[in-house]
Each structure stands twice: as structure tokens, then as C-alpha cells.
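What's in start-v7.cif: mmCIF, C-alpha atoms and all ligand atoms
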data_run
loop_
_atom_site.group_PDB
_atom_site.id
_atom_site.type_symbol
_atom_site.label_atom_id
_atom_site.label_comp_id
_atom_site.auth_asym_id
_atom_site.auth_seq_id
_atom_site.Cartn_x
_atom_site.Cartn_y
_atom_site.Cartn_z
ATOM 1 C CA MET A 1 0.000 0.000 0.000
ATOM 2 C CA GLY A 2 1.494 3.370 -0.981
ATOM 3 C CA ASN A 3 0.962 6.945 0.121
ATOM 4 C CA ILE A 4 0.707 6.534 3.858
ATOM 5 C CA VAL A 5 0.704 9.562 6.134
ATOM 6 C CA ALA A 6 1.196 9.008 9.868
ATOM 7 C CA ILE A 7 0.211 11.593 12.460
ATOM 8 C CA VAL A 8 2.500 11.509 15.502
ATOM 9 C CA GLY A 9 3.027 13.606 18.611
ATOM 10 C CA ARG A 10 2.400 13.526 22.316
ATOM 11 C CA PRO A 11 -1.135 13.221 23.720
ATOM 12 C CA ASN A 12 -3.509 16.172 23.608
ATOM 13 C CA VAL A 13 -1.812 18.146 20.843
ATOM 14 C CA GLY A 14 -4.738 17.529 18.483
ATOM 15 C CA LYS A 15 -3.681 14.506 16.409
ATOM 16 C CA SER A 16 -7.140 12.955 16.338
ATOM 17 C CA THR A 17 -8.809 16.286 15.595
ATOM 18 C CA LEU A 18 -6.457 16.696 12.615
ATOM 19 C CA PHE A 19 -7.091 13.102 11.540
ATOM 20 C CA ASN A 20 -10.829 13.722 11.587
ATOM 21 C CA ARG A 21 -10.417 16.894 9.551
ATOM 22 C CA LEU A 22 -8.185 15.228 6.947
ATOM 23 C CA THR A 23 -10.392 12.178 6.583
ATOM 24 C CA GLU A 24 -13.730 13.941 7.044
ATOM 25 C CA SER A 25 -14.703 11.182 9.371
ATOM 26 C CA ARG A 26 -15.330 10.925 13.038
ATOM 27 C CA GLN A 27 -13.431 7.711 13.570
ATOM 28 C CA ALA A 28 -10.754 8.944 15.893
ATOM 29 C CA ILE A 29 -11.727 9.548 19.475
ATOM 30 C CA VAL A 30 -11.109 13.104 20.640
ATOM 31 C CA ASP A 31 -11.206 13.828 24.310
ATOM 32 C CA GLU A 32 -10.200 16.478 26.805
ATOM 33 C CA ALA A 33 -8.214 13.898 28.756
ATOM 34 C CA SER A 34 -4.646 13.281 27.690
ATOM 35 C CA GLY A 35 -3.893 10.170 25.694
ATOM 36 C CA VAL A 36 -7.387 8.974 25.141
ATOM 37 C CA THR A 37 -7.094 7.696 21.580
ATOM 38 C CA ARG A 38 -7.190 3.974 22.052
ATOM 39 C CA ASP A 39 -5.834 2.472 18.857
ATOM 40 C CA ARG A 40 -4.063 3.211 15.665
ATOM 41 C CA ILE A 41 -6.839 4.324 13.382
ATOM 42 C CA TYR A 42 -6.675 4.335 9.588
ATOM 43 C CA GLY A 43 -8.624 6.605 7.279
ATOM 44 C CA LYS A 44 -8.622 7.669 3.662
ATOM 45 C CA SER A 45 -8.073 11.134 2.270
ATOM 46 C CA GLU A 46 -7.566 12.943 -1.022
ATOM 47 C CA TRP A 47 -6.129 16.365 -1.878
ATOM 48 C CA ASN A 48 -5.502 17.885 -5.322
ATOM 49 C CA GLY A 49 -6.359 14.514 -6.823
ATOM 50 C CA VAL A 50 -3.771 12.646 -4.733
ATOM 51 C CA ARG A 51 -5.115 9.828 -2.612
ATOM 52 C CA PHE A 52 -3.485 8.768 0.617
ATOM 53 C CA SER A 53 -4.108 6.849 3.810
ATOM 54 C CA VAL A 54 -3.875 8.586 7.162
ATOM 55 C CA VAL A 55 -2.859 6.863 10.386
ATOM 56 C CA ASP A 56 -3.801 8.379 13.732
ATOM 57 C CA THR A 57 -1.381 7.135 16.371
ATOM 58 C CA GLY A 58 -2.086 6.992 20.062
ATOM 59 C CA GLY A 59 -3.298 4.147 22.191
ATOM 60 C CA TYR A 60 -1.276 4.880 25.273
ATOM 61 C CA ALA A 61 -1.980 3.100 28.505
ATOM 62 C CA ILE A 62 -0.227 5.503 30.786
ATOM 63 C CA ASN A 63 0.755 4.205 34.179
ATOM 64 C CA SER A 64 4.034 5.967 34.624
ATOM 65 C CA GLU A 65 6.156 8.673 33.068
ATOM 66 C CA ASP A 66 8.552 6.045 31.718
ATOM 67 C CA GLN A 67 5.798 4.083 30.078
ATOM 68 C CA PHE A 68 4.422 7.292 28.623
ATOM 69 C CA GLU A 69 7.667 8.217 26.951
ATOM 70 C CA ASN A 70 8.270 4.663 25.745
ATOM 71 C CA ALA A 71 4.785 4.525 24.249
ATOM 72 C CA ILE A 72 5.360 7.719 22.285
ATOM 73 C CA ARG A 73 8.762 6.482 21.154
ATOM 74 C CA GLU A 74 7.277 3.194 19.981
ATOM 75 C CA GLN A 75 4.503 4.921 18.040
ATOM 76 C CA VAL A 76 7.028 7.158 16.316
ATOM 77 C CA LEU A 77 9.254 4.217 15.363
ATOM 78 C CA ILE A 78 6.275 2.331 13.907
ATOM 79 C CA ALA A 79 5.255 5.464 11.998
ATOM 80 C CA ILE A 80 8.756 5.818 10.537
ATOM 81 C CA GLU A 81 8.573 2.185 9.390
ATOM 82 C CA GLU A 82 5.195 2.336 7.740
ATOM 83 C CA ALA A 83 4.674 5.909 6.571
ATOM 84 C CA ASP A 84 5.816 7.825 3.516
ATOM 85 C CA VAL A 85 5.259 11.155 5.251
ATOM 86 C CA ILE A 86 5.092 11.884 8.976
ATOM 87 C CA VAL A 87 3.038 14.778 10.267
ATOM 88 C CA PHE A 88 4.492 15.687 13.669
ATOM 89 C CA VAL A 89 1.858 17.624 15.602
ATOM 90 C CA VAL A 90 2.845 20.066 18.349
ATOM 91 C CA ASP A 91 0.802 22.562 20.371
ATOM 92 C CA VAL A 92 1.455 26.310 20.098
ATOM 93 C CA SER A 93 -0.180 26.890 23.486
ATOM 94 C CA THR A 94 2.472 24.876 25.370
ATOM 95 C CA GLY A 95 5.540 25.669 23.300
ATOM 96 C CA VAL A 96 8.258 23.030 22.856
ATOM 97 C CA THR A 97 8.055 20.400 25.620
ATOM 98 C CA ASP A 98 10.536 17.679 26.632
ATOM 99 C CA TYR A 99 8.331 15.083 24.949
ATOM 100 C CA ASP A 100 8.328 17.109 21.734
ATOM 101 C CA GLU A 101 12.126 17.228 21.933
ATOM 102 C CA ALA A 102 12.271 13.446 22.398
ATOM 103 C CA VAL A 103 10.108 12.882 19.329
ATOM 104 C CA ALA A 104 12.058 15.447 17.309
ATOM 105 C CA GLU A 105 15.329 13.724 18.140
ATOM 106 C CA ILE A 106 14.085 10.404 16.759
ATOM 107 C CA LEU A 107 12.732 12.070 13.644
ATOM 108 C CA ARG A 108 15.954 13.996 13.040
ATOM 109 C CA ARG A 109 17.941 10.751 13.210
ATOM 110 C CA LYS A 110 15.642 8.371 11.349
ATOM 111 C CA ALA A 111 12.938 10.065 9.443
ATOM 112 C CA LYS A 112 12.438 10.724 5.850
ATOM 113 C CA ASN A 113 9.701 13.196 5.075
ATOM 114 C CA VAL A 114 8.531 15.109 8.128
ATOM 115 C CA ILE A 115 6.058 17.959 8.308
ATOM 116 C CA ILE A 116 5.561 19.824 11.573
ATOM 117 C CA ALA A 117 1.983 20.917 12.188
ATOM 118 C CA VAL A 118 1.988 23.591 14.878
ATOM 119 C CA ASN A 119 -1.593 23.125 16.003
ATOM 120 C CA LYS A 120 -4.039 25.311 17.932
ATOM 121 C CA VAL A 121 -3.020 28.412 15.982
ATOM 122 C CA ASP A 122 -6.673 29.415 15.967
ATOM 123 C CA ASN A 123 -6.048 33.035 14.987
ATOM 124 C CA HIS A 124 -3.494 35.004 12.985
ATOM 125 C CA GLN A 125 -2.023 36.729 16.039
ATOM 126 C CA GLN A 126 -0.532 33.392 17.135
ATOM 127 C CA ILE A 127 1.345 32.705 13.883
ATOM 128 C CA PRO A 128 4.675 34.252 15.055
ATOM 129 C CA GLU A 129 4.675 31.944 18.111
ATOM 130 C CA ALA A 130 4.629 28.932 15.783
ATOM 131 C CA SER A 131 8.157 29.735 14.622
ATOM 132 C CA TYR A 132 9.559 28.826 18.069
ATOM 133 C CA PHE A 133 9.224 25.217 16.922
ATOM 134 C CA TYR A 134 11.975 25.715 14.340
ATOM 135 C CA SER A 135 14.297 25.171 17.326
ATOM 136 C CA MET A 136 13.546 21.438 16.981
ATOM 137 C CA GLY A 137 15.646 21.415 13.820
ATOM 138 C CA LEU A 138 12.993 20.021 11.498
ATOM 139 C CA ASN A 139 11.447 21.486 8.351
ATOM 140 C CA GLU A 140 8.809 22.157 7.030
ATOM 141 C CA LEU A 141 6.623 23.869 9.594
ATOM 142 C CA PHE A 142 2.985 24.848 9.161
ATOM 143 C CA PRO A 143 0.845 26.737 11.680
ATOM 144 C CA ILE A 144 -2.608 25.173 11.650
ATOM 145 C CA SER A 145 -5.859 24.976 13.557
ATOM 146 C CA ALA A 146 -7.229 21.453 13.348
ATOM 147 C CA ILE A 147 -10.442 22.749 14.906
ATOM 148 C CA ASN A 148 -11.234 25.565 12.457
ATOM 149 C CA GLY A 149 -9.168 24.393 9.487
ATOM 150 C CA ALA A 150 -6.858 27.413 9.265
ATOM 151 C CA GLY A 151 -3.589 26.564 7.529
ATOM 152 C CA THR A 152 -4.534 22.988 6.734
ATOM 153 C CA GLY A 153 -4.811 23.721 2.994
ATOM 154 C CA GLU A 154 -1.200 24.926 2.873
ATOM 155 C CA LEU A 155 -0.072 21.885 4.835
ATOM 156 C CA LEU A 156 -1.911 19.550 2.453
ATOM 157 C CA ASP A 157 -0.509 21.317 -0.634
ATOM 158 C CA HIS A 158 2.991 20.576 0.656
ATOM 159 C CA LEU A 159 2.129 17.079 1.861
ATOM 160 C CA VAL A 160 0.874 15.789 -1.474
ATOM 161 C CA LYS A 161 3.942 17.258 -3.206
ATOM 162 C CA ILE A 162 6.325 15.151 -1.133
ATOM 163 C CA LEU A 163 4.237 11.947 -1.041
HETATM 164 P P1 LIG B 201 -4.630 13.927 20.588
HETATM 165 O O1 LIG B 201 -4.513 13.368 21.962
HETATM 166 O O2 LIG B 201 -3.297 14.418 20.100
HETATM 167 O O3 LIG B 201 -5.291 13.004 19.612
HETATM 168 O O4 LIG B 201 -5.528 15.251 20.702
HETATM 169 P P2 LIG B 201 -7.097 15.435 20.436
HETATM 170 O O5 LIG B 201 -7.374 15.526 18.968
HETATM 171 O O6 LIG B 201 -7.837 14.384 21.200
HETATM 172 O O7 LIG B 201 -7.331 16.875 21.028
HETATM 173 C C1 LIG B 201 -6.981 17.199 22.363
HETATM 174 C C2 LIG B 201 -7.699 18.468 22.771
HETATM 175 O O8 LIG B 201 -7.218 19.581 22.000
HETATM 176 C C3 LIG B 201 -9.217 18.430 22.547
HETATM 177 O O9 LIG B 201 -9.837 19.135 23.577
HETATM 178 C C4 LIG B 201 -9.369 19.175 21.225
HETATM 179 O O10 LIG B 201 -10.649 19.749 21.079
HETATM 180 C C5 LIG B 201 -8.287 20.243 21.349
HETATM 181 N N1 LIG B 201 -7.845 20.738 20.034
HETATM 182 C C6 LIG B 201 -7.499 20.016 18.960
HETATM 183 N N2 LIG B 201 -7.187 20.807 17.913
HETATM 184 C C7 LIG B 201 -7.317 22.076 18.340
HETATM 185 C C8 LIG B 201 -7.141 23.371 17.718
HETATM 186 O O11 LIG B 201 -6.815 23.518 16.540
HETATM 187 N N3 LIG B 201 -7.361 24.464 18.505
HETATM 188 C C9 LIG B 201 -7.750 24.357 19.814
HETATM 189 N N4 LIG B 201 -7.954 25.497 20.487
HETATM 190 N N5 LIG B 201 -7.931 23.177 20.419
HETATM 191 C C10 LIG B 201 -7.725 22.048 19.702
HETATM 192 MG MG MG B 202 -5.903 11.105 19.804
#
Could the structure of this file be written out as C-alpha cells, please?
Amino acid sequence: MGNIVAIVGRPNVGKSTLFNRLTESRQAIVDEASGVTRDRIYGKSEWNGVRFSVVDTGGYAINSEDQFENAIREQVLIAIEEADVIVFVVDVSTGVTDYDEAVAEILRRKAKNVIIAVNKVDNHQQIPEASYFYSMGLNELFPISAINGAGTGELLDHLVKIL
């Protein structure tokens, strides 16, 4: 199966909300509580005539900090194995966290095509804050709002180019 896009990132950044927007489905479970998405969920999407599959990662059973970090690490390694493009979602409202750094380090070492989606940029005033995430040493970076759709068109234009 070709053209697989995996959405990775720590819990609560908006991965499932983005998945639902990209796939126009309501398959992924979105919740206020951290880490609530139970399984890897697959959906289909199309942009500018390019079809692709989208994988929403998650499924953490969090009992300890260690387990939490290992779970994220594992999801990222699986995503690198199976995906053609990785969308690494981060949250503009928290800035760069230690978990983001841990994910970024793996992606810098192993990954192929990575797109950073700086999520929760719900209004234009927040766009400059998104550039703080360039400190993770990964390109390209797109400020988006998975909730209202801002910026997602630009992200998708780039995504289908590199698929
Ligand atoms: P996941 O754990 O990474 O899959 O994150 P979810 O998609 O479950 O979202 C976690 C929380 O962030 C939920 O309360 C969402 O409604 C909220 N959220 C997701 N995207 C956005 C966004 O673009 N803007 C804002 N303000 N909140 C968002
Ligand atoms: Mg989720």
C-alpha cells in the first residue's frame, strides 16, 4: 500500500482532531483527557487529486512517566517504518516540551519526510509563536488549527507534493 501519512506527537496536541479533519470522518476519538485515543486508526483522504491513507497514532496506557515516553517512542518508530510522510503535531499553546524534543530527536535521526503541524493556531495573532518550533531542527513547519481548518490547505498542498 502506498501513500501513507502518519500523524505523531504527544497526547492532547490535536492529532485525532487533525485526523478527523483530513479524513472527514469521526473515527478517531477526541477527548479532553490526555492520551485517550485507544488504537491506531486508519482513514482515507484525497487532496488535489492525490489519494493517501492517514494513520492516527495513540493508544497509550499511561501508568508511569517512563511508560508514557516509551509509548510515544514506539509509536514514532512504527510510523517511521510504515509511513511515507510523517506529520508531527505540536501545540502552540504549550511551546516546545521535553516530549516534543524526544520525538524530534528520533525524527531527526531516522525520518524521511517530516512535516511539523503547529496546532491550535486558531487566529493570525498566534502565527509568530509557531516559529519557536523551528528550534527542533525540522522542516517544514505549518501553523494550523485542526479545529477551524486554518492553515490545513497549505499543509496539504505541501504534503501531497512530497508523497
Ligand atoms: P490527541 O490526543 O493528540 O489526539 O488530541 P485530540 O485531537 O484528542 O485533542 C486534544 C484536545 O485539543 C481536545 O480538547 C481538542 O478539542 C483540542 N484541540 C485540537 N485541535 C485544536 C485546535 O486547533 N485548537 C484548539 N484550540 N484546540 C484544539
Ligand atoms: Mg488522539
Can you work out the spacing between atom N3 of ligand LIG 201 (chain B) and atom CA of A:Gly58 in Å, to one decimal?
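Going from atom N3 of ligand LIG 201 (chain B) over to atom CA of A:Gly58, I get 18.3 Å.
Considering the residues A:Phe52, A:Phe19, A:Tyr134, A:Tyr42 and counting only C-alpha atoms and all ligand atoms, ligand LIG 201 (chain B) has its shortest atom-to-atom contact with A:Phe19.
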If we draw a sphere of 7 Å around (-3.6, 21.7, 13.1), which residues have at least one atom in it when counting all atoms listed in the file? Please report them as a VMD selection string.
chain A and resid 14 18 117 to 120 143 to 146 152
Just so the selection is clear, what residues does the PyMOL selection byres (((chain A and resi 81-85) around 7) and not hetatm) cover here, as a ChimeraX atom specification?
/A:3-6,77-80,86-87,113-114,163
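The closest residue to A:Val90, picked from A:Glu140, A:Gly49, A:Tyr132, A:Ile116 and counting all atoms listed in the file, is A:Ile116.
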How far is it from atom CA of A:Leu141 to atom C4 of ligand LIG 201 (chain B), in Å with one decimal?
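Atom C4 of ligand LIG 201 (chain B) lies 20.3 Å from atom CA of A:Leu141.
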Give the answer as one residue: which of A:Val8, A:Lys112, A:Glu129, A:Arg21 has the shortest atom-to-atom distance to A:Ala150, using only C-alpha atoms?
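Of all the options, A:Arg21 lies closest to A:Ala150.
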Around all the atoms of stretch 16-19 of chain A listed in the file, draw an axis-aligned box and extend it by 5 Å on each of the six sides; I want its centre and edge lengths in Å to one decimal, as JSON.
{"center_x": -7.6, "center_y": 14.8, "center_z": 13.9, "size_x": 12.4, "size_y": 13.7, "size_z": 14.8}
Atomic distance atom CA of A:Pro11 - atom CA of A:Ser45, expressed in Å with one decimal:
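Answer for the atom CA of A:Pro11 to atom CA of A:Ser45 separation: 22.6 Å.
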From the set A:Val121, A:Leu156, A:Ile72, A:Ala102, which residue has the shortest atom-to-atom contact distance to A:Asn48, counting only C-alpha atoms?
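For A:Asn48, the nearest of the given residues is A:Leu156.
For the set A:Leu107, A:Ser131, A:Leu155, A:Gly9, the residue with the smallest atom-to-atom gap to A:Ala71 is A:Gly9, counting all atoms listed in the file.
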Counting all atoms listed in the file, the residue of A:Leu22, A:Ile106, A:Val89, A:Ala111 that sits nearest ligand LIG 201 (chain B)
A:Val89
